[in-house]
Amino acid sequence: MKPKTLEGMIYILLIYVLVGAVLFFYQRKLIYFPTANIPHNYDQLQLTHENVTLEIIVLNQGKKEAILYFGGNAEAVVYSAEDFLSAFPLQTVYLLNYRGYGGSSGQPSEAGIFADALFLFDKVLEKQAIISVIGRSLGSGVATYLASKRPVEKMALISPFDSITSVAQNIYMIFPVFLMLLDKYDSISRVKEIEAKTIILVAEHDEVIPRKHSQRLIDEFPPEQISVKIIADSGHNDISNKVEYYQHLKDFFND
């Protein structure tokens, strides 16, 4: 092997290792995009768990049934509050601000968010015996985890994925992502433990979660347990702007 060729290979290898190291050490900054604490006039529940203070927006207090909402990785859940008030007048709705989001303290991680979701469910169960969940994008991973561990009545998943490992591997194809990721959100492996009746809403032109990742998750559910709705002319971020979005959710949770 010629010296210049060897030097070139070493140079490429060093770049590969450097980029891989950056991806590894900054991976949570690529997964989580915490939102600011946005002032609002909605009722708010504050819970302390594992030395973390969680801020939860509460809508329609005092109803017999509850819906827990887990948003996307850059979503300020307060902006969904007015639509949820209108869509679910018969349910008390809890909008969780993840650790580090919307005034909640701490730093987001899969283990921490999963623990907080279980803690919130158990607290809500003290008031409402029937609890359903909605998870959007990143929140779909939280919702599927919760539904696999607790008796969730109904579950709605918006723009869901099979696992973050699979999605990330599709983006960073030359790196062994399955070995590098700390937070895997392996939803597809949890389907067999979920008994909740489920609806999945998929954006026709989702530019963040390719359709194949949602479809792999869909295919794991028994056909009689799941319904799937494709929202036409929508993308990952504007799917909730379509009239059909909330209509499908209203029909599903009020059936």
# chains A, B, ... in the order shown; residues from 1 in each chain; ligands from 1
>>> residues_around(residues="range 238-240 of chain A", least_positions_apart="3", cutoff="9 Å", atoms="only C-alpha atoms", output="ChimeraX atom specification")
/A:158-159,201-204,206,231-235,243-246
>>> residues_around(residues="range 130-132 of chain A", least_positions_apart="3", cutoff="6 Å", atoms="only C-alpha atoms", output="ChimeraX atom specification")
/A:65-67,152-155
>>> closest_atom_pairs(of="range 90-181 of chain A", to="range 52-64 of chain A", cutoff="6 Å", atoms="only C-alpha atoms", output="JSON lines")
{"residue": "A:Gln91", "atom": "CA", "partner": "A:Lys63", "partner_atom": "CA", "distance": 5.3}
{"residue": "A:Thr92", "atom": "CA", "partner": "A:Asn60", "partner_atom": "CA", "distance": 4.7}
{"residue": "A:Val93", "atom": "CA", "partner": "A:Leu59", "partner_atom": "CA", "distance": 5.0}
{"residue": "A:Tyr94", "atom": "CA", "partner": "A:Val58", "partner_atom": "CA", "distance": 4.8}
{"residue": "A:Leu95", "atom": "CA", "partner": "A:Ile57", "partner_atom": "CA", "distance": 5.0}
{"residue": "A:Leu96", "atom": "CA", "partner": "A:Ile56", "partner_atom": "CA", "distance": 4.7}
{"residue": "A:Asn97", "atom": "CA", "partner": "A:Glu55", "partner_atom": "CA", "distance": 5.7}
{"residue": "A:Ser104", "atom": "CA", "partner": "A:Leu54", "partner_atom": "CA", "distance": 4.6}
{"residue": "A:Ser105", "atom": "CA", "partner": "A:Thr53", "partner_atom": "CA", "distance": 5.3}
{"residue": "A:Gly106", "atom": "CA", "partner": "A:Val52", "partner_atom": "CA", "distance": 5.7}
{"residue": "A:Gln128", "atom": "CA", "partner": "A:Lys64", "partner_atom": "CA", "distance": 5.6}
>>> closest_residue(among="A:Ala36, A:Asn51, A:Phe88, A:Gly71", to="Tyr101 in chain A", atoms="only C-alpha atoms")
A:Ala36
>>> atom_distance(atom1="CA of Asn73 in chain A", atom2="CA of Thr144 in chain A")
15.6 Å
>>> select_by_dssp(residues="range 17-239 of chain A", states="strand (DSSP E)", output="JSON, numbers by chain")
{"A": [43, 44, 45, 46, 47, 48, 49, 52, 53, 54, 55, 56, 57, 58, 59, 65, 66, 67, 68, 69, 70, 91, 92, 93, 94, 95, 96, 130, 131, 132, 133, 134, 135, 136, 154, 155, 156, 157, 158, 197, 198, 199, 200, 201, 202, 203, 226, 227, 228, 229, 230, 231]}
>>> write_last_selection(atoms="C-alpha atoms", output="PDB file, in the first residue's frame")
ATOM      1  CA  ASP A  43     -54.869  25.110  35.740  1.00  0.00           C
ATOM      2  CA  GLN A  44     -51.526  23.564  36.569  1.00  0.00           C
ATOM      3  CA  LEU A  45     -50.506  20.576  38.666  1.00  0.00           C
ATOM      4  CA  GLN A  46     -47.024  20.472  40.142  1.00  0.00           C
ATOM      5  CA  LEU A  47     -45.552  17.120  41.110  1.00  0.00           C
ATOM      6  CA  THR A  48     -42.166  16.283  42.590  1.00  0.00           C
ATOM      7  CA  HIS A  49     -40.607  13.008  41.532  1.00  0.00           C
ATOM      8  CA  VAL A  52     -37.523  16.722  39.691  1.00  0.00           C
ATOM      9  CA  THR A  53     -40.399  19.182  39.682  1.00  0.00           C
ATOM     10  CA  LEU A  54     -42.908  18.408  36.930  1.00  0.00           C
ATOM     11  CA  GLU A  55     -45.315  20.996  35.579  1.00  0.00           C
ATOM     12  CA  ILE A  56     -48.544  19.511  34.191  1.00  0.00           C
ATOM     13  CA  ILE A  57     -51.302  21.563  32.570  1.00  0.00           C
ATOM     14  CA  VAL A  58     -54.744  20.309  33.632  1.00  0.00           C
ATOM     15  CA  LEU A  59     -57.879  20.907  31.557  1.00  0.00           C
ATOM     16  CA  GLU A  65     -62.223   9.927  32.660  1.00  0.00           C
ATOM     17  CA  ALA A  66     -58.729  11.233  31.982  1.00  0.00           C
ATOM     18  CA  ILE A  67     -56.423  11.612  28.998  1.00  0.00           C
ATOM     19  CA  LEU A  68     -52.655  11.970  29.433  1.00  0.00           C
ATOM     20  CA  TYR A  69     -50.876  13.789  26.604  1.00  0.00           C
ATOM     21  CA  PHE A  70     -47.202  13.291  25.742  1.00  0.00           C
ATOM     22  CA  GLN A  91     -62.420  14.198  29.957  1.00  0.00           C
ATOM     23  CA  THR A  92     -59.875  15.757  32.264  1.00  0.00           C
ATOM     24  CA  VAL A  93     -56.755  16.233  30.136  1.00  0.00           C
ATOM     25  CA  TYR A  94     -53.228  16.288  31.562  1.00  0.00           C
ATOM     26  CA  LEU A  95     -50.494  17.808  29.377  1.00  0.00           C
ATOM     27  CA  LEU A  96     -47.090  16.751  30.698  1.00  0.00           C
ATOM     28  CA  ILE A 130     -60.357   5.356  33.464  1.00  0.00           C
ATOM     29  CA  ILE A 131     -57.191   6.731  31.870  1.00  0.00           C
ATOM     30  CA  SER A 132     -56.313   6.961  28.187  1.00  0.00           C
ATOM     31  CA  VAL A 133     -53.176   8.316  26.514  1.00  0.00           C
ATOM     32  CA  ILE A 134     -52.159  10.322  23.465  1.00  0.00           C
ATOM     33  CA  GLY A 135     -48.553  10.348  22.296  1.00  0.00           C
ATOM     34  CA  ARG A 136     -47.199  12.437  19.446  1.00  0.00           C
ATOM     35  CA  LYS A 154     -57.388   3.728  24.913  1.00  0.00           C
ATOM     36  CA  MET A 155     -54.261   4.925  23.142  1.00  0.00           C
ATOM     37  CA  ALA A 156     -53.779   7.350  20.258  1.00  0.00           C
ATOM     38  CA  LEU A 157     -50.383   7.580  18.561  1.00  0.00           C
ATOM     39  CA  ILE A 158     -49.573  10.436  16.188  1.00  0.00           C
ATOM     40  CA  LYS A 197     -57.630  -0.142  21.892  1.00  0.00           C
ATOM     41  CA  THR A 198     -55.430   1.966  19.634  1.00  0.00           C
ATOM     42  CA  ILE A 199     -55.699   4.528  16.846  1.00  0.00           C
ATOM     43  CA  ILE A 200     -52.711   5.724  14.835  1.00  0.00           C
ATOM     44  CA  LEU A 201     -52.668   8.973  12.870  1.00  0.00           C
ATOM     45  CA  VAL A 202     -50.033   9.255  10.164  1.00  0.00           C
ATOM     46  CA  ALA A 203     -49.138  12.339   8.128  1.00  0.00           C
ATOM     47  CA  ILE A 226     -55.952  -0.966  15.888  1.00  0.00           C
ATOM     48  CA  SER A 227     -57.305   1.559  13.408  1.00  0.00           C
ATOM     49  CA  VAL A 228     -55.091   3.691  11.184  1.00  0.00           C
ATOM     50  CA  LYS A 229     -55.903   7.072   9.657  1.00  0.00           C
ATOM     51  CA  ILE A 230     -53.758   8.792   7.034  1.00  0.00           C
ATOM     52  CA  ILE A 231     -54.115  12.582   7.222  1.00  0.00           C
TER      53      ILE A 231
END
>>> atom_distance(atom1="CA of Phe175 in chain A", atom2="CA of Ile209 in chain A")
19.0 Å
>>> atom_distance(atom1="CA of Pro160 in chain A", atom2="CA of Leu217 in chain A")
7.7 Å
>>> residues_around(residues="Tyr32 in chain A", least_positions_apart="2", cutoff="12 Å", atoms="only C-alpha atoms", output="list in words")
Tyr26, Gln27, Arg28, Lys29, Leu30, Pro34, Thr35, Gly71, Gly72, Asn73, Ala74, Glu75, Tyr98, Arg99, Gly100, Tyr101, Gln107, Pro108, Ser109, Glu110, Ile113, Ser137, Leu138, Gly139, Ile164 and Asp183 of chain A
>>> write_last_selection(atoms="C-alpha atoms", output="PDB file, in the first residue's frame")
ATOM      1  CA  TYR A  26     -24.241  15.060  21.926  1.00  0.00           C
ATOM      2  CA  GLN A  27     -26.929  12.520  21.091  1.00  0.00           C
ATOM      3  CA  ARG A  28     -29.477  13.820  23.597  1.00  0.00           C
ATOM      4  CA  LYS A  29     -29.209  17.288  22.082  1.00  0.00           C
ATOM      5  CA  LEU A  30     -30.251  15.692  18.784  1.00  0.00           C
ATOM      6  CA  PRO A  34     -36.631  21.547  25.435  1.00  0.00           C
ATOM      7  CA  THR A  35     -39.213  24.316  25.271  1.00  0.00           C
ATOM      8  CA  GLY A  71     -45.952  15.703  23.105  1.00  0.00           C
ATOM      9  CA  GLY A  72     -43.192  15.806  20.527  1.00  0.00           C
ATOM     10  CA  ASN A  73     -39.532  16.557  21.136  1.00  0.00           C
ATOM     11  CA  ALA A  74     -39.801  20.306  20.444  1.00  0.00           C
ATOM     12  CA  GLU A  75     -43.463  20.760  21.306  1.00  0.00           C
ATOM     13  CA  TYR A  98     -41.190  16.631  30.214  1.00  0.00           C
ATOM     14  CA  ARG A  99     -38.152  17.121  32.412  1.00  0.00           C
ATOM     15  CA  GLY A 100     -36.450  20.289  31.204  1.00  0.00           C
ATOM     16  CA  TYR A 101     -39.518  21.379  29.226  1.00  0.00           C
ATOM     17  CA  GLN A 107     -32.757  17.051  32.102  1.00  0.00           C
ATOM     18  CA  PRO A 108     -34.688  14.836  29.668  1.00  0.00           C
ATOM     19  CA  SER A 109     -33.768  11.188  29.245  1.00  0.00           C
ATOM     20  CA  GLU A 110     -35.682   8.061  28.302  1.00  0.00           C
ATOM     21  CA  ILE A 113     -39.414  10.522  31.172  1.00  0.00           C
ATOM     22  CA  SER A 137     -43.871  11.734  17.733  1.00  0.00           C
ATOM     23  CA  LEU A 138     -41.398  11.331  20.629  1.00  0.00           C
ATOM     24  CA  GLY A 139     -44.430  11.081  22.896  1.00  0.00           C
ATOM     25  CA  ILE A 164     -35.594   5.767  17.670  1.00  0.00           C
ATOM     26  CA  ASP A 183     -32.241   6.404  24.636  1.00  0.00           C
TER      27      ASP A 183
END
>>> select_by_dssp(residues="range 141-229 of chain A", states="alpha helix (DSSP H)", output="JSON, numbers by chain")
{"A": [141, 142, 143, 144, 145, 146, 147, 148, 149, 164, 165, 166, 167, 168, 169, 170, 171, 177, 178, 179, 180, 211, 212, 213, 214, 215, 216, 217, 218, 219, 220]}
>>> write_last_selection(atoms="C-alpha atoms", output="JSON list (two decimals), in the first residue's frame")
[["chain", "number", "residue", "atom", "x", "y", "z"],
["A", 141, "GLY", "CA", -42.64, 6.20, 22.57],
["A", 142, "VAL", "CA", -43.71, 7.39, 26.02],
["A", 143, "ALA", "CA", -47.33, 6.39, 25.43],
["A", 144, "THR", "CA", -46.48, 2.88, 24.23],
["A", 145, "TYR", "CA", -44.20, 2.35, 27.21],
["A", 146, "LEU", "CA", -46.88, 3.50, 29.63],
["A", 147, "ALA", "CA", -49.56, 1.37, 27.96],
["A", 148, "SER", "CA", -47.30, -1.67, 28.27],
["A", 149, "LYS", "CA", -46.93, -1.10, 32.04],
["A", 164, "ILE", "CA", -35.59, 5.77, 17.67],
["A", 165, "THR", "CA", -32.74, 3.36, 17.04],
["A", 166, "SER", "CA", -34.30, 2.37, 13.72],
["A", 167, "VAL", "CA", -35.04, 5.97, 12.71],
["A", 168, "ALA", "CA", -31.54, 7.14, 13.65],
["A", 169, "GLN", "CA", -29.90, 4.22, 11.87],
["A", 170, "ASN", "CA", -31.76, 5.24, 8.73],
["A", 171, "ILE", "CA", -30.20, 8.71, 9.00],
["A", 177, "VAL", "CA", -26.30, 3.46, 16.03],
["A", 178, "PHE", "CA", -27.73, 0.43, 17.86],
["A", 179, "LEU", "CA", -24.53, 0.36, 19.95],
["A", 180, "MET", "CA", -24.29, 4.12, 20.43],
["A", 211, "ARG", "CA", -43.72, 5.98, 6.69],
["A", 212, "LYS", "CA", -41.89, 2.66, 6.92],
["A", 213, "HIS", "CA", -41.10, 3.28, 10.60],
["A", 214, "SER", "CA", -44.76, 3.92, 11.44],
["A", 215, "GLN", "CA", -45.84, 0.95, 9.35],
["A", 216, "ARG", "CA", -43.53, -1.45, 11.14],
["A", 217, "LEU", "CA", -45.15, -0.46, 14.41],
["A", 218, "ILE", "CA", -48.64, -0.73, 12.93],
["A", 219, "ASP", "CA", -47.94, -4.21, 11.60],
["A", 220, "GLU", "CA", -47.13, -5.48, 15.11]]
>>> closest_residue(among="A:Ala196, A:Ile188, A:Leu118, A:Val78", to="Pro151 in chain A", atoms="only C-alpha atoms")
A:Ala196
>>> decode(residues="range 121-212 of chain A", atoms="C-alpha atoms", output="PDB file, in the first residue's frame")
ATOM      1  CA  PHE A 121     -50.464   7.859  35.725  1.00  0.00           C
ATOM      2  CA  ASP A 122     -50.451   6.601  39.305  1.00  0.00           C
ATOM      3  CA  LYS A 123     -51.270  10.072  40.643  1.00  0.00           C
ATOM      4  CA  VAL A 124     -54.115  10.559  38.174  1.00  0.00           C
ATOM      5  CA  LEU A 125     -55.468   7.110  39.060  1.00  0.00           C
ATOM      6  CA  GLU A 126     -56.223   8.487  42.515  1.00  0.00           C
ATOM      7  CA  LYS A 127     -58.844  10.754  40.887  1.00  0.00           C
ATOM      8  CA  GLN A 128     -59.887   9.025  37.649  1.00  0.00           C
ATOM      9  CA  ALA A 129     -60.272   5.271  37.271  1.00  0.00           C
ATOM     10  CA  ILE A 130     -60.357   5.356  33.464  1.00  0.00           C
ATOM     11  CA  ILE A 131     -57.191   6.731  31.870  1.00  0.00           C
ATOM     12  CA  SER A 132     -56.313   6.961  28.187  1.00  0.00           C
ATOM     13  CA  VAL A 133     -53.176   8.316  26.514  1.00  0.00           C
ATOM     14  CA  ILE A 134     -52.159  10.322  23.465  1.00  0.00           C
ATOM     15  CA  GLY A 135     -48.553  10.348  22.296  1.00  0.00           C
ATOM     16  CA  ARG A 136     -47.199  12.437  19.446  1.00  0.00           C
ATOM     17  CA  SER A 137     -43.871  11.734  17.733  1.00  0.00           C
ATOM     18  CA  LEU A 138     -41.398  11.331  20.629  1.00  0.00           C
ATOM     19  CA  GLY A 139     -44.430  11.081  22.896  1.00  0.00           C
ATOM     20  CA  SER A 140     -45.600   7.989  21.027  1.00  0.00           C
ATOM     21  CA  GLY A 141     -42.639   6.196  22.570  1.00  0.00           C
ATOM     22  CA  VAL A 142     -43.709   7.389  26.015  1.00  0.00           C
ATOM     23  CA  ALA A 143     -47.335   6.391  25.427  1.00  0.00           C
ATOM     24  CA  THR A 144     -46.479   2.882  24.232  1.00  0.00           C
ATOM     25  CA  TYR A 145     -44.197   2.353  27.213  1.00  0.00           C
ATOM     26  CA  LEU A 146     -46.884   3.504  29.631  1.00  0.00           C
ATOM     27  CA  ALA A 147     -49.565   1.371  27.957  1.00  0.00           C
ATOM     28  CA  SER A 148     -47.303  -1.666  28.274  1.00  0.00           C
ATOM     29  CA  LYS A 149     -46.929  -1.103  32.037  1.00  0.00           C
ATOM     30  CA  ARG A 150     -50.304   0.248  33.153  1.00  0.00           C
ATOM     31  CA  PRO A 151     -53.995  -0.505  32.392  1.00  0.00           C
ATOM     32  CA  VAL A 152     -54.540   2.179  29.753  1.00  0.00           C
ATOM     33  CA  GLU A 153     -58.093   2.268  28.377  1.00  0.00           C
ATOM     34  CA  LYS A 154     -57.388   3.728  24.913  1.00  0.00           C
ATOM     35  CA  MET A 155     -54.261   4.925  23.142  1.00  0.00           C
ATOM     36  CA  ALA A 156     -53.779   7.350  20.258  1.00  0.00           C
ATOM     37  CA  LEU A 157     -50.383   7.580  18.561  1.00  0.00           C
ATOM     38  CA  ILE A 158     -49.573  10.436  16.188  1.00  0.00           C
ATOM     39  CA  SER A 159     -46.605  10.132  13.818  1.00  0.00           C
ATOM     40  CA  PRO A 160     -45.228   7.149  15.738  1.00  0.00           C
ATOM     41  CA  PHE A 161     -42.044   5.177  15.056  1.00  0.00           C
ATOM     42  CA  ASP A 162     -40.906   1.610  15.573  1.00  0.00           C
ATOM     43  CA  SER A 163     -37.869   2.757  17.583  1.00  0.00           C
ATOM     44  CA  ILE A 164     -35.594   5.767  17.670  1.00  0.00           C
ATOM     45  CA  THR A 165     -32.739   3.363  17.040  1.00  0.00           C
ATOM     46  CA  SER A 166     -34.302   2.372  13.716  1.00  0.00           C
ATOM     47  CA  VAL A 167     -35.044   5.969  12.709  1.00  0.00           C
ATOM     48  CA  ALA A 168     -31.544   7.145  13.646  1.00  0.00           C
ATOM     49  CA  GLN A 169     -29.899   4.219  11.866  1.00  0.00           C
ATOM     50  CA  ASN A 170     -31.762   5.239   8.728  1.00  0.00           C
ATOM     51  CA  ILE A 171     -30.197   8.714   8.999  1.00  0.00           C
ATOM     52  CA  TYR A 172     -26.681   7.795  10.166  1.00  0.00           C
ATOM     53  CA  MET A 173     -26.277   4.654   8.097  1.00  0.00           C
ATOM     54  CA  ILE A 174     -22.493   4.336   8.365  1.00  0.00           C
ATOM     55  CA  PHE A 175     -22.472   4.331  12.179  1.00  0.00           C
ATOM     56  CA  PRO A 176     -23.444   1.455  14.541  1.00  0.00           C
ATOM     57  CA  VAL A 177     -26.303   3.459  16.032  1.00  0.00           C
ATOM     58  CA  PHE A 178     -27.725   0.432  17.860  1.00  0.00           C
ATOM     59  CA  LEU A 179     -24.534   0.363  19.945  1.00  0.00           C
ATOM     60  CA  MET A 180     -24.288   4.124  20.428  1.00  0.00           C
ATOM     61  CA  LEU A 181     -27.774   5.176  21.496  1.00  0.00           C
ATOM     62  CA  LEU A 182     -28.527   5.688  25.175  1.00  0.00           C
ATOM     63  CA  ASP A 183     -32.241   6.404  24.636  1.00  0.00           C
ATOM     64  CA  LYS A 184     -33.762   3.858  22.277  1.00  0.00           C
ATOM     65  CA  TYR A 185     -37.554   4.277  22.684  1.00  0.00           C
ATOM     66  CA  ASP A 186     -38.094   0.741  21.417  1.00  0.00           C
ATOM     67  CA  SER A 187     -41.867   0.939  20.949  1.00  0.00           C
ATOM     68  CA  ILE A 188     -42.170  -2.025  18.604  1.00  0.00           C
ATOM     69  CA  SER A 189     -40.914  -4.463  21.253  1.00  0.00           C
ATOM     70  CA  ARG A 190     -43.676  -3.359  23.655  1.00  0.00           C
ATOM     71  CA  VAL A 191     -46.712  -3.873  21.421  1.00  0.00           C
ATOM     72  CA  LYS A 192     -47.281  -7.441  22.607  1.00  0.00           C
ATOM     73  CA  GLU A 193     -47.752  -6.111  26.159  1.00  0.00           C
ATOM     74  CA  ILE A 194     -50.337  -3.479  25.180  1.00  0.00           C
ATOM     75  CA  GLU A 195     -54.039  -4.259  25.529  1.00  0.00           C
ATOM     76  CA  ALA A 196     -55.454  -0.770  24.915  1.00  0.00           C
ATOM     77  CA  LYS A 197     -57.630  -0.142  21.892  1.00  0.00           C
ATOM     78  CA  THR A 198     -55.430   1.966  19.634  1.00  0.00           C
ATOM     79  CA  ILE A 199     -55.699   4.528  16.846  1.00  0.00           C
ATOM     80  CA  ILE A 200     -52.711   5.724  14.835  1.00  0.00           C
ATOM     81  CA  LEU A 201     -52.668   8.973  12.870  1.00  0.00           C
ATOM     82  CA  VAL A 202     -50.033   9.255  10.164  1.00  0.00           C
ATOM     83  CA  ALA A 203     -49.138  12.339   8.128  1.00  0.00           C
ATOM     84  CA  GLU A 204     -49.267  11.624   4.395  1.00  0.00           C
ATOM     85  CA  HIS A 205     -45.983  13.475   3.817  1.00  0.00           C
ATOM     86  CA  ASP A 206     -44.126  13.021   7.097  1.00  0.00           C
ATOM     87  CA  GLU A 207     -40.631  14.346   6.496  1.00  0.00           C
ATOM     88  CA  VAL A 208     -39.303  13.438   9.967  1.00  0.00           C
ATOM     89  CA  ILE A 209     -40.611   9.904  10.577  1.00  0.00           C
ATOM     90  CA  PRO A 210     -40.564   8.006   7.260  1.00  0.00           C
ATOM     91  CA  ARG A 211     -43.723   5.975   6.690  1.00  0.00           C
ATOM     92  CA  LYS A 212     -41.894   2.656   6.919  1.00  0.00           C
TER      93      LYS A 212
END
